[in-house]
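As provided, my_file-v2.txt (compact mmCIF, C-alpha atoms) reads as follows.
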```
# COMPACT_ATOMS: atom_id res chain seq x y z
CA MET A 99 45.82 52.11 -29.04
CA ILE A 100 42.77 53.60 -27.28
CA ARG A 101 40.57 50.76 -28.49
CA THR A 102 43.14 48.22 -27.34
CA LYS A 103 43.18 49.74 -23.88
CA GLN A 104 39.38 49.71 -23.80
CA ARG A 105 39.31 46.02 -24.67
CA VAL A 106 41.68 45.34 -21.79
CA LEU A 107 40.13 47.70 -19.26
CA ARG A 108 36.46 46.83 -19.76
CA PRO A 109 36.68 43.20 -18.60
CA ALA A 110 38.99 44.21 -15.76
CA LEU A 111 36.54 46.91 -14.68
CA ALA A 112 33.67 44.40 -14.85
CA VAL A 113 35.57 42.07 -12.53
CA VAL A 114 36.24 44.88 -10.05
CA VAL A 115 32.56 45.90 -10.05
CA ALA A 116 31.46 42.30 -9.55
CA LEU A 117 33.87 41.90 -6.63
CA CYS A 118 32.60 45.11 -5.05
CA LEU A 119 28.98 44.00 -5.41
CA HIS A 120 29.85 40.60 -3.95
CA SER A 121 31.62 42.24 -1.01
CA ALA A 122 28.65 44.52 -0.42
CA ALA A 123 26.28 41.56 -0.43
CA GLN A 124 28.46 39.70 2.02
CA ALA A 125 28.55 42.76 4.25
CA GLN A 126 24.78 42.66 4.70
CA THR A 127 23.61 41.44 8.05
CA TRP A 128 21.00 38.72 7.71
CA LYS A 129 18.27 38.78 10.29
CA GLU A 130 15.79 36.13 9.29
CA PRO A 131 12.16 37.33 9.27
CA ARG A 132 10.05 35.02 11.40
CA TYR A 133 7.13 33.11 9.96
CA ASN A 134 4.19 35.24 11.02
CA PRO A 135 1.38 35.26 8.43
CA GLU A 136 -1.55 37.58 8.92
CA ILE A 137 -4.51 36.07 10.76
CA GLY A 138 -7.36 35.56 8.30
CA SER A 139 -5.05 35.42 5.27
CA ARG A 140 -5.69 32.73 2.64
CA TRP A 141 -3.04 31.10 0.48
CA ALA A 142 -3.05 28.97 -2.67
CA VAL A 143 -0.43 26.26 -3.19
CA VAL A 144 -0.09 25.09 -6.80
CA SER A 145 2.22 22.21 -7.60
CA GLN A 146 3.21 20.35 -10.74
CA SER A 147 5.12 17.10 -10.52
CA LEU A 148 6.73 15.53 -13.59
CA SER A 149 8.42 12.15 -13.58
CA GLU A 150 10.13 10.05 -16.22
CA GLU A 151 11.21 6.49 -15.67
CA LYS A 152 13.48 4.64 -18.09
CA ARG A 153 13.76 0.88 -18.03
CA GLY A 154 15.95 -0.18 -20.91
CA ASP A 155 14.15 0.95 -24.08
CA GLN A 156 10.89 1.67 -22.27
CA THR A 157 10.02 5.12 -20.92
CA VAL A 158 7.09 5.81 -18.60
CA SER A 159 6.09 9.40 -17.88
CA ASN A 160 3.70 10.83 -15.34
CA ARG A 161 2.35 14.25 -14.38
CA ILE A 162 0.46 15.30 -11.28
CA ASP A 163 -1.13 18.74 -10.93
CA THR A 164 -2.59 19.78 -7.61
CA ARG A 165 -4.05 22.90 -6.09
CA THR A 166 -4.52 23.22 -2.36
CA GLU A 167 -5.48 26.14 -0.15
CA PHE A 168 -4.85 26.99 3.46
CA SER A 169 -5.96 29.79 5.74
CA ILE A 170 -4.47 31.16 8.94
CA ASP A 171 -7.37 30.99 11.37
CA GLU A 172 -5.79 31.76 14.74
CA LYS A 173 -2.43 32.52 16.32
CA LEU A 174 -1.58 30.31 19.29
CA ALA A 175 1.09 30.62 21.97
CA ASP A 176 3.28 28.06 20.19
CA GLY A 177 2.01 28.11 16.61
CA PHE A 178 -1.09 28.59 14.50
CA ARG A 179 -4.49 27.05 13.89
CA ILE A 180 -5.15 26.56 10.18
CA SER A 181 -7.63 25.12 7.68
CA TYR A 182 -6.34 23.17 4.67
CA VAL A 183 -8.27 21.87 1.67
CA THR A 184 -7.45 20.14 -1.61
CA ARG A 185 -9.23 21.73 -4.56
CA GLU A 186 -7.77 19.88 -7.53
CA ILE A 187 -5.88 16.67 -8.32
CA ARG A 188 -5.16 15.72 -11.94
CA LEU A 189 -2.99 12.84 -13.12
CA SER A 190 -1.85 12.29 -16.70
CA GLY A 191 0.83 10.45 -18.61
CA SER A 192 1.62 6.86 -19.53
CA ALA A 193 2.01 5.46 -16.01
CA PRO A 194 -0.43 2.59 -15.36
CA GLY A 195 -3.19 3.19 -12.84
CA ASN A 196 -3.46 6.98 -13.30
CA ALA A 197 -7.18 6.91 -13.98
CA ILE A 198 -7.81 4.66 -10.97
CA ALA A 199 -5.73 6.85 -8.66
CA GLU A 200 -7.29 10.11 -9.88
CA LYS A 201 -10.79 8.75 -9.34
CA ALA A 202 -9.91 7.39 -5.89
CA PHE A 203 -8.22 10.55 -4.61
CA GLY A 204 -11.18 12.58 -5.80
CA ALA A 205 -12.74 11.53 -2.49
CA VAL A 206 -10.46 13.91 -0.56
CA LYS A 207 -11.23 17.01 -2.62
CA ASP A 208 -13.03 19.79 -0.78
CA ILE A 209 -12.62 18.05 2.59
CA VAL A 210 -11.50 20.78 5.00
CA ILE A 211 -8.69 19.65 7.32
CA ARG A 212 -8.42 21.64 10.54
CA ALA A 213 -5.02 21.49 12.15
CA ARG A 214 -2.48 23.04 14.47
CA THR A 215 1.07 23.93 13.43
CA ASP A 216 4.25 24.84 15.23
CA ALA A 217 5.70 28.35 15.11
CA ALA A 218 7.33 27.65 11.72
CA GLY A 219 4.09 26.48 10.10
CA LYS A 220 4.82 22.75 10.24
CA PRO A 221 1.56 20.81 10.81
CA LEU A 222 1.51 18.82 14.05
CA VAL A 223 -2.06 17.77 14.83
CA VAL A 224 -5.19 17.19 12.73
CA GLU A 225 -8.08 18.29 14.89
CA ASN A 226 -10.88 16.68 12.81
CA LEU A 227 -8.91 13.46 12.32
CA ASP A 228 -11.90 11.08 12.37
CA GLU A 229 -13.57 12.94 9.51
CA VAL A 230 -10.36 12.97 7.43
CA LYS A 231 -9.61 9.29 8.06
CA SER A 232 -13.13 8.43 6.94
CA SER A 233 -12.42 10.14 3.61
CA MET A 234 -9.12 8.29 3.31
CA ARG A 235 -10.88 4.98 3.88
CA SER A 236 -13.05 5.82 0.88
CA VAL A 237 -9.86 6.30 -1.17
CA VAL A 238 -8.51 2.94 -0.01
CA ALA A 239 -11.79 1.16 -0.74
CA SER A 240 -11.95 2.68 -4.23
CA MET A 241 -8.37 1.64 -5.04
CA ALA A 242 -8.86 -1.90 -3.74
CA GLN A 243 -12.17 -2.29 -5.58
CA SER A 244 -10.35 -1.84 -8.88
CA PHE A 245 -8.55 -5.15 -8.21
CA ASP A 246 -11.57 -7.17 -7.08
CA SER A 247 -10.94 -9.71 -9.85
CA ASN A 248 -7.94 -10.87 -7.81
CA PRO A 249 -8.83 -10.85 -4.09
CA LYS A 250 -5.21 -11.43 -3.00
CA VAL A 251 -3.95 -8.43 -4.95
CA ALA A 252 -6.91 -6.36 -3.71
CA ALA A 253 -6.05 -7.29 -0.10
CA LEU A 254 -2.40 -6.30 -0.62
CA ILE A 255 -3.39 -2.98 -2.21
CA ARG A 256 -5.66 -2.35 0.76
CA GLN A 257 -2.81 -3.14 3.19
CA LEU A 258 -0.41 -0.81 1.37
CA MET A 259 -2.86 2.06 1.05
CA GLU A 260 -4.02 1.78 4.66
CA GLY A 261 -0.39 1.80 5.78
CA PHE A 262 0.20 5.04 3.88
CA LEU A 263 -3.11 6.83 4.43
CA ILE A 264 -4.78 5.64 7.64
CA VAL A 265 -2.37 7.20 10.12
CA ASP A 266 -2.42 9.16 13.37
CA GLY A 267 -0.60 11.91 15.22
CA GLU A 268 2.09 13.99 13.54
CA GLN A 269 2.33 11.46 10.72
CA ALA A 270 -1.32 12.18 9.86
CA ALA A 271 -0.62 15.92 9.79
CA ALA A 272 2.32 15.42 7.41
CA THR A 273 0.46 12.92 5.21
CA TYR A 274 -2.84 14.76 4.83
CA MET A 275 -1.19 18.19 4.30
CA GLU A 276 1.90 17.06 2.43
CA ASP A 277 2.76 20.49 0.97
CA LEU A 278 3.05 22.24 4.31
CA PRO A 279 6.00 20.35 5.90
CA GLN A 280 8.14 21.16 2.86
CA LEU A 281 7.10 24.82 2.94
CA ALA A 282 7.86 24.95 6.66
CA ALA A 283 11.41 23.67 6.05
CA GLY A 284 12.36 27.16 4.84
CA GLN A 285 10.52 29.11 7.54
CA SER A 286 12.02 30.29 10.83
CA THR A 287 15.11 28.13 10.27
CA GLY A 288 17.49 30.14 12.43
CA LEU A 289 20.26 29.50 9.88
CA ILE A 290 23.08 31.84 8.92
CA LEU A 291 25.44 31.62 5.96
CA GLY A 292 27.83 28.69 6.21
CA GLU A 293 25.76 26.84 8.81
CA VAL A 294 24.20 23.43 8.17
CA LYS A 295 21.06 22.16 9.87
CA ARG A 296 20.99 18.35 10.07
CA GLU A 297 17.89 16.29 10.84
CA ASP A 298 17.09 12.59 10.91
CA GLU A 299 13.74 11.55 9.53
CA SER A 300 12.02 8.22 10.01
CA VAL A 301 8.90 7.11 8.11
CA PRO A 302 7.02 3.95 9.19
CA ASN A 303 7.17 1.12 6.67
CA PRO A 304 3.61 0.33 5.46
CA LEU A 305 4.68 -3.29 4.94
CA GLY A 306 5.90 -3.66 8.52
CA GLY A 307 9.46 -4.12 9.69
CA GLY A 308 12.04 -1.37 10.06
CA ALA A 309 11.26 2.26 9.30
CA ILE A 310 12.54 4.01 6.17
CA LYS A 311 15.18 6.48 7.37
CA SER A 312 16.77 9.51 5.80
CA ARG A 313 19.13 12.34 6.69
CA LEU A 314 18.25 15.95 5.82
CA GLU A 315 20.73 18.80 5.49
CA THR A 316 19.53 22.40 5.08
CA ARG A 317 21.70 25.40 4.16
CA LEU A 318 21.11 29.11 3.63
CA VAL A 319 22.84 29.84 0.30
CA THR A 320 21.84 33.42 -0.60
CA PHE A 321 19.88 36.30 0.90
CA ASP A 322 18.79 39.85 0.25
CA ALA A 323 18.47 41.49 3.65
CA ALA A 324 16.84 44.65 2.29
CA ALA A 325 14.08 42.69 0.52
CA GLY A 326 13.74 40.06 3.26
CA LYS A 327 14.36 37.29 0.74
CA ALA A 328 16.38 34.12 1.20
CA ARG A 329 17.14 30.90 -0.65
CA TYR A 330 17.72 27.60 1.11
CA VAL A 331 18.97 24.33 -0.33
CA ARG A 332 17.94 21.05 1.24
CA ASN A 333 19.53 17.69 0.49
CA ARG A 334 17.96 14.38 1.46
CA MET A 335 19.92 11.15 1.76
CA LEU A 336 17.86 7.97 2.06
CA ASP A 337 19.08 4.87 3.84
CA PRO A 338 19.67 2.56 0.83
CA GLU A 339 19.52 -0.64 2.88
CA ALA A 340 16.10 0.17 4.34
CA LEU A 341 14.83 1.11 0.88
CA LYS A 342 16.13 -2.12 -0.66
CA GLY A 343 14.43 -4.13 2.06
CA THR A 344 11.11 -2.40 1.40
CA ILE A 345 11.34 -3.04 -2.35
CA ALA A 346 12.19 -6.71 -1.83
CA THR A 347 9.28 -7.20 0.56
CA LEU A 348 6.88 -5.47 -1.81
CA VAL A 349 7.95 -7.59 -4.81
CA GLU A 350 7.66 -10.77 -2.77
CA LYS A 351 4.14 -9.92 -1.56
CA LEU A 352 2.96 -8.82 -4.99
CA ALA A 353 4.31 -12.01 -6.55
CA ALA A 354 2.57 -14.15 -3.93
CA ALA A 355 -0.70 -12.27 -4.35
CA ALA A 356 -0.62 -12.49 -8.14
CA GLY A 357 0.49 -16.13 -8.17
CA ASN A 358 3.54 -15.24 -10.26
CA GLN A 359 5.76 -18.30 -10.38
CA LYS A 360 8.47 -16.45 -12.33
CA VAL A 361 9.63 -14.64 -9.21
CA THR A 362 11.85 -17.42 -7.92
CA PRO A 363 13.83 -17.39 -4.66
CA GLU A 364 16.91 -16.63 -6.77
CA VAL A 365 15.22 -13.55 -8.25
CA LEU A 366 14.15 -12.38 -4.79
CA LEU A 367 17.72 -12.78 -3.55
CA ALA A 368 18.95 -10.72 -6.49
CA ILE A 369 16.39 -7.99 -5.70
CA LYS A 370 17.78 -7.75 -2.18
CA ASP A 371 21.20 -7.12 -3.73
CA VAL A 372 19.93 -4.37 -6.04
CA SER A 373 22.21 -1.32 -6.34
CA LEU A 374 20.28 1.83 -5.46
CA ILE A 375 21.40 5.45 -5.60
CA MET A 376 19.02 8.32 -4.81
CA ASP A 377 19.82 12.01 -5.00
CA ASN A 378 17.29 14.60 -3.81
CA LYS A 379 17.80 18.35 -3.84
CA VAL A 380 15.22 20.97 -2.88
CA THR A 381 15.55 24.72 -3.41
CA ILE A 382 13.28 26.86 -1.23
CA ASP A 383 12.69 30.57 -1.88
CA VAL A 384 11.39 32.55 1.10
CA GLU A 385 10.10 36.11 1.25
CA GLY A 386 9.15 37.94 4.42
CA GLY A 387 9.53 34.76 6.44
CA MET A 388 7.15 32.72 4.26
CA THR A 389 8.04 30.17 1.57
CA ARG A 390 6.82 31.32 -1.83
CA ALA A 391 8.41 28.78 -4.21
CA VAL A 392 9.95 25.30 -4.09
CA GLU A 393 11.91 23.35 -6.70
CA ASP A 394 12.29 19.68 -5.83
CA ARG A 395 14.38 17.35 -7.98
CA SER A 396 15.18 13.72 -7.27
CA VAL A 397 17.02 11.12 -9.31
CA MET A 398 16.98 7.42 -8.53
CA THR A 399 19.11 4.88 -10.38
CA ALA A 400 18.93 1.16 -9.85
CA SER A 401 20.93 -1.74 -11.22
CA LEU A 402 19.63 -5.30 -11.03
CA MET A 403 20.85 -8.42 -12.82
CA GLY A 404 22.51 -6.37 -15.55
CA ARG A 405 19.50 -4.12 -16.12
CA GLN A 406 19.38 -0.40 -15.44
CA MET A 407 16.50 1.77 -14.30
CA ARG A 408 16.57 5.54 -13.91
CA LYS A 409 13.75 7.72 -12.59
CA VAL A 410 13.83 11.51 -12.56
CA GLU A 411 11.18 13.53 -10.72
CA ARG A 412 10.77 17.29 -10.77
CA LYS A 413 8.26 19.16 -8.68
CA ALA A 414 7.59 22.89 -8.78
CA VAL A 415 5.49 24.57 -6.08
CA THR A 416 4.31 28.18 -5.88
CA VAL A 417 2.54 29.89 -3.00
CA THR A 418 0.42 32.99 -3.61
CA ARG A 419 -1.89 34.99 -1.41
CA MET A 420 -5.55 34.76 -2.32
CA LYS A 421 -7.76 37.83 -2.46
```
Would it be possible to restate this file's structure as structure tokens?
Amino acid sequence: MIRTKQRVLRPALAVVVALCLHSAAQAQTWKEPRYNPEIGSRWAVVSQSLSEEKRGDQTVSNRIDTRTEFSIDEKLADGFRISYVTREIRLSGSAPGNAIAEKAFGAVKDIVIRARTDAAGKPLVVENLDEVKSSMRSVVASMAQSFDSNPKVAALIRQLMEGFLIVDGEQAAATYMEDLPQLAAGQSTGLILGEVKREDESVPNPLGGGAIKSRLETRLVTFDAAAGKARYVRNRMLDPEALKGTIATLVEKLAAAAGNQKVTPEVLLAIKDVSLIMDNKVTIDVEGGMTRAVEDRSVMTASLMGRQMRKVERKAVTVTRMK
């Protein structure tokens, strides 16, 4: 009888304890620590990106490992002055062009980018922009040179790469320090439990035409007020029509450059009718007002003329203070 009662009471007691702990957690008052890193502090950002793309029976995998560093040089009235540098870029896997890309992007390693950020650490202005753009032009030239055997393809590669890399203003700050905008998304958010922060994002199309648009939603999902820790979840929803238009334009230009007669007007029309679904979820862990870890997962599925394609990308980022 005693053992029977214990078997009944133990799970019931566990439920009561869990409910009490949950209630205690909910009773905490969350006061978000502001992003306020120590002047002179140096930070390492290590990221690993894994992708797998399935097209029918074919699977293409890719891995990108990067290490960047940034330092907090000065506190300004409305933000910070920082230095940012890429120390390592390694590409591996079965994706075509990895060796070309790794060699080309080697030109940006050890180039110190000096920039200003807003109060949340989001980069706004590259102060040595001419120097950085010069390095990016070396990347573009190296990529295009790999296709010199076909001048039309080389010209298209140059156009694409210049559209992505030779940029100005806030777009340059986001492009040349791509880790920092994502880290800043979890810093000084002003969010409380149950609240949703919605933002519209627009990225210029390197092929011309309309911009690629997306909607971002950020939520605070858990926090530990005593430890100053919080977890945010960010969902991104891309405009499928703008994305389809970009893909169709790219295929058309590549076909023209390569002289591919198989890409008929009927095929191009079918590409414009491709079914695209993209799901992107980012988890951001913040401690003491500063992002310390990011998990980014995106899944894209496409259906075209009876064929299916699915691409899954996972990116893990950690931020640690350097001695």
Of the residues A:Ser145, A:Asp208, A:Pro194, A:Pro135, which is the one nearest to Glu172 of chain A, using only C-alpha atoms?
->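 Closest candidate: A:Pro135.
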Distance atom CA of Arg161 of chain A-atom CA of Leu314 of chain A, one decimal place?
->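 Taking atom CA of Arg161 of chain A as the start and atom CA of Leu314 of chain A as the end point, the length is 25.8 Å.
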Kindly assemble as a Markdown table a list of the segment 239-330 of chain A residues that lie within 10 Å of segment 413-418 of chain A, each paired with its nearest atom pair and their distance in Å to one decimal, using only C-alpha atoms, sorted first by chain and then by ascending residue number.
```
| residue | atom | partner | partner_atom | distance |
| --- | --- | --- | --- | --- |
| A:Asp277 | CA | A:Val415 | CA | 8.6 |
| A:Gln280 | CA | A:Val415 | CA | 9.9 |
| A:Leu281 | CA | A:Val417 | CA | 9.0 |
```
Go ahead and save the picked residues with C-alpha atoms, as a short mmCIF file (atom, residue, chain, number, x, y, z; two decimals), in the coordinates of the input.
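Result written to part.cif:
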```
data_model
loop_
_atom_site.label_atom_id
_atom_site.label_comp_id
_atom_site.auth_asym_id
_atom_site.auth_seq_id
_atom_site.Cartn_x
_atom_site.Cartn_y
_atom_site.Cartn_z
CA ASP A 277 2.76 20.49 0.97
CA GLN A 280 8.14 21.16 2.86
CA LEU A 281 7.10 24.82 2.94
#
```
Hey, which of A:Gly386, A:Gly292, A:Gly195, A:Gly154 ends up closest to Gly326 of chain A? Count all atoms listed in the file.
->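 When distances to Gly326 of chain A are compared using all atoms listed in the file, the smallest one comes from A:Gly386.
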When you draw a straight line from atom CA of Asp266 of chain A to atom CA of Ile209 of chain A, how long is it in Å?
-> 17.3 Å
Using only C-alpha atoms, can you list as a ChimeraX atom specification the residues within 9 Å of (25.2, 27.1, -3.7)?
-> /A:317-320,330-331
In Å to one decimal, how far is atom CA of Thr287 of chain A from atom CA of Ala323 of chain A?
->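 Answer for the atom CA of Ala323 of chain A to atom CA of Thr287 of chain A separation: 15.3 Å.
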If you count only C-alpha atoms, which residues fall within 10 Å of Glu297 of chain A, apart from same-chain ones fewer than 5 positions away, as a PDB file with C-alpha atoms, keeping the file's coordinate frame?
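Once written, result-v5.pdb looks like this:
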```pdb
ATOM      1  CA  SER A 312      16.770   9.510   5.800  1.00  0.00           C
ATOM      2  CA  ARG A 313      19.130  12.340   6.690  1.00  0.00           C
ATOM      3  CA  LEU A 314      18.250  15.950   5.820  1.00  0.00           C
ATOM      4  CA  GLU A 315      20.730  18.800   5.490  1.00  0.00           C
ATOM      5  CA  THR A 316      19.530  22.400   5.080  1.00  0.00           C
ATOM      6  CA  ARG A 334      17.960  14.380   1.460  1.00  0.00           C
TER       7      ARG A 334
END
```
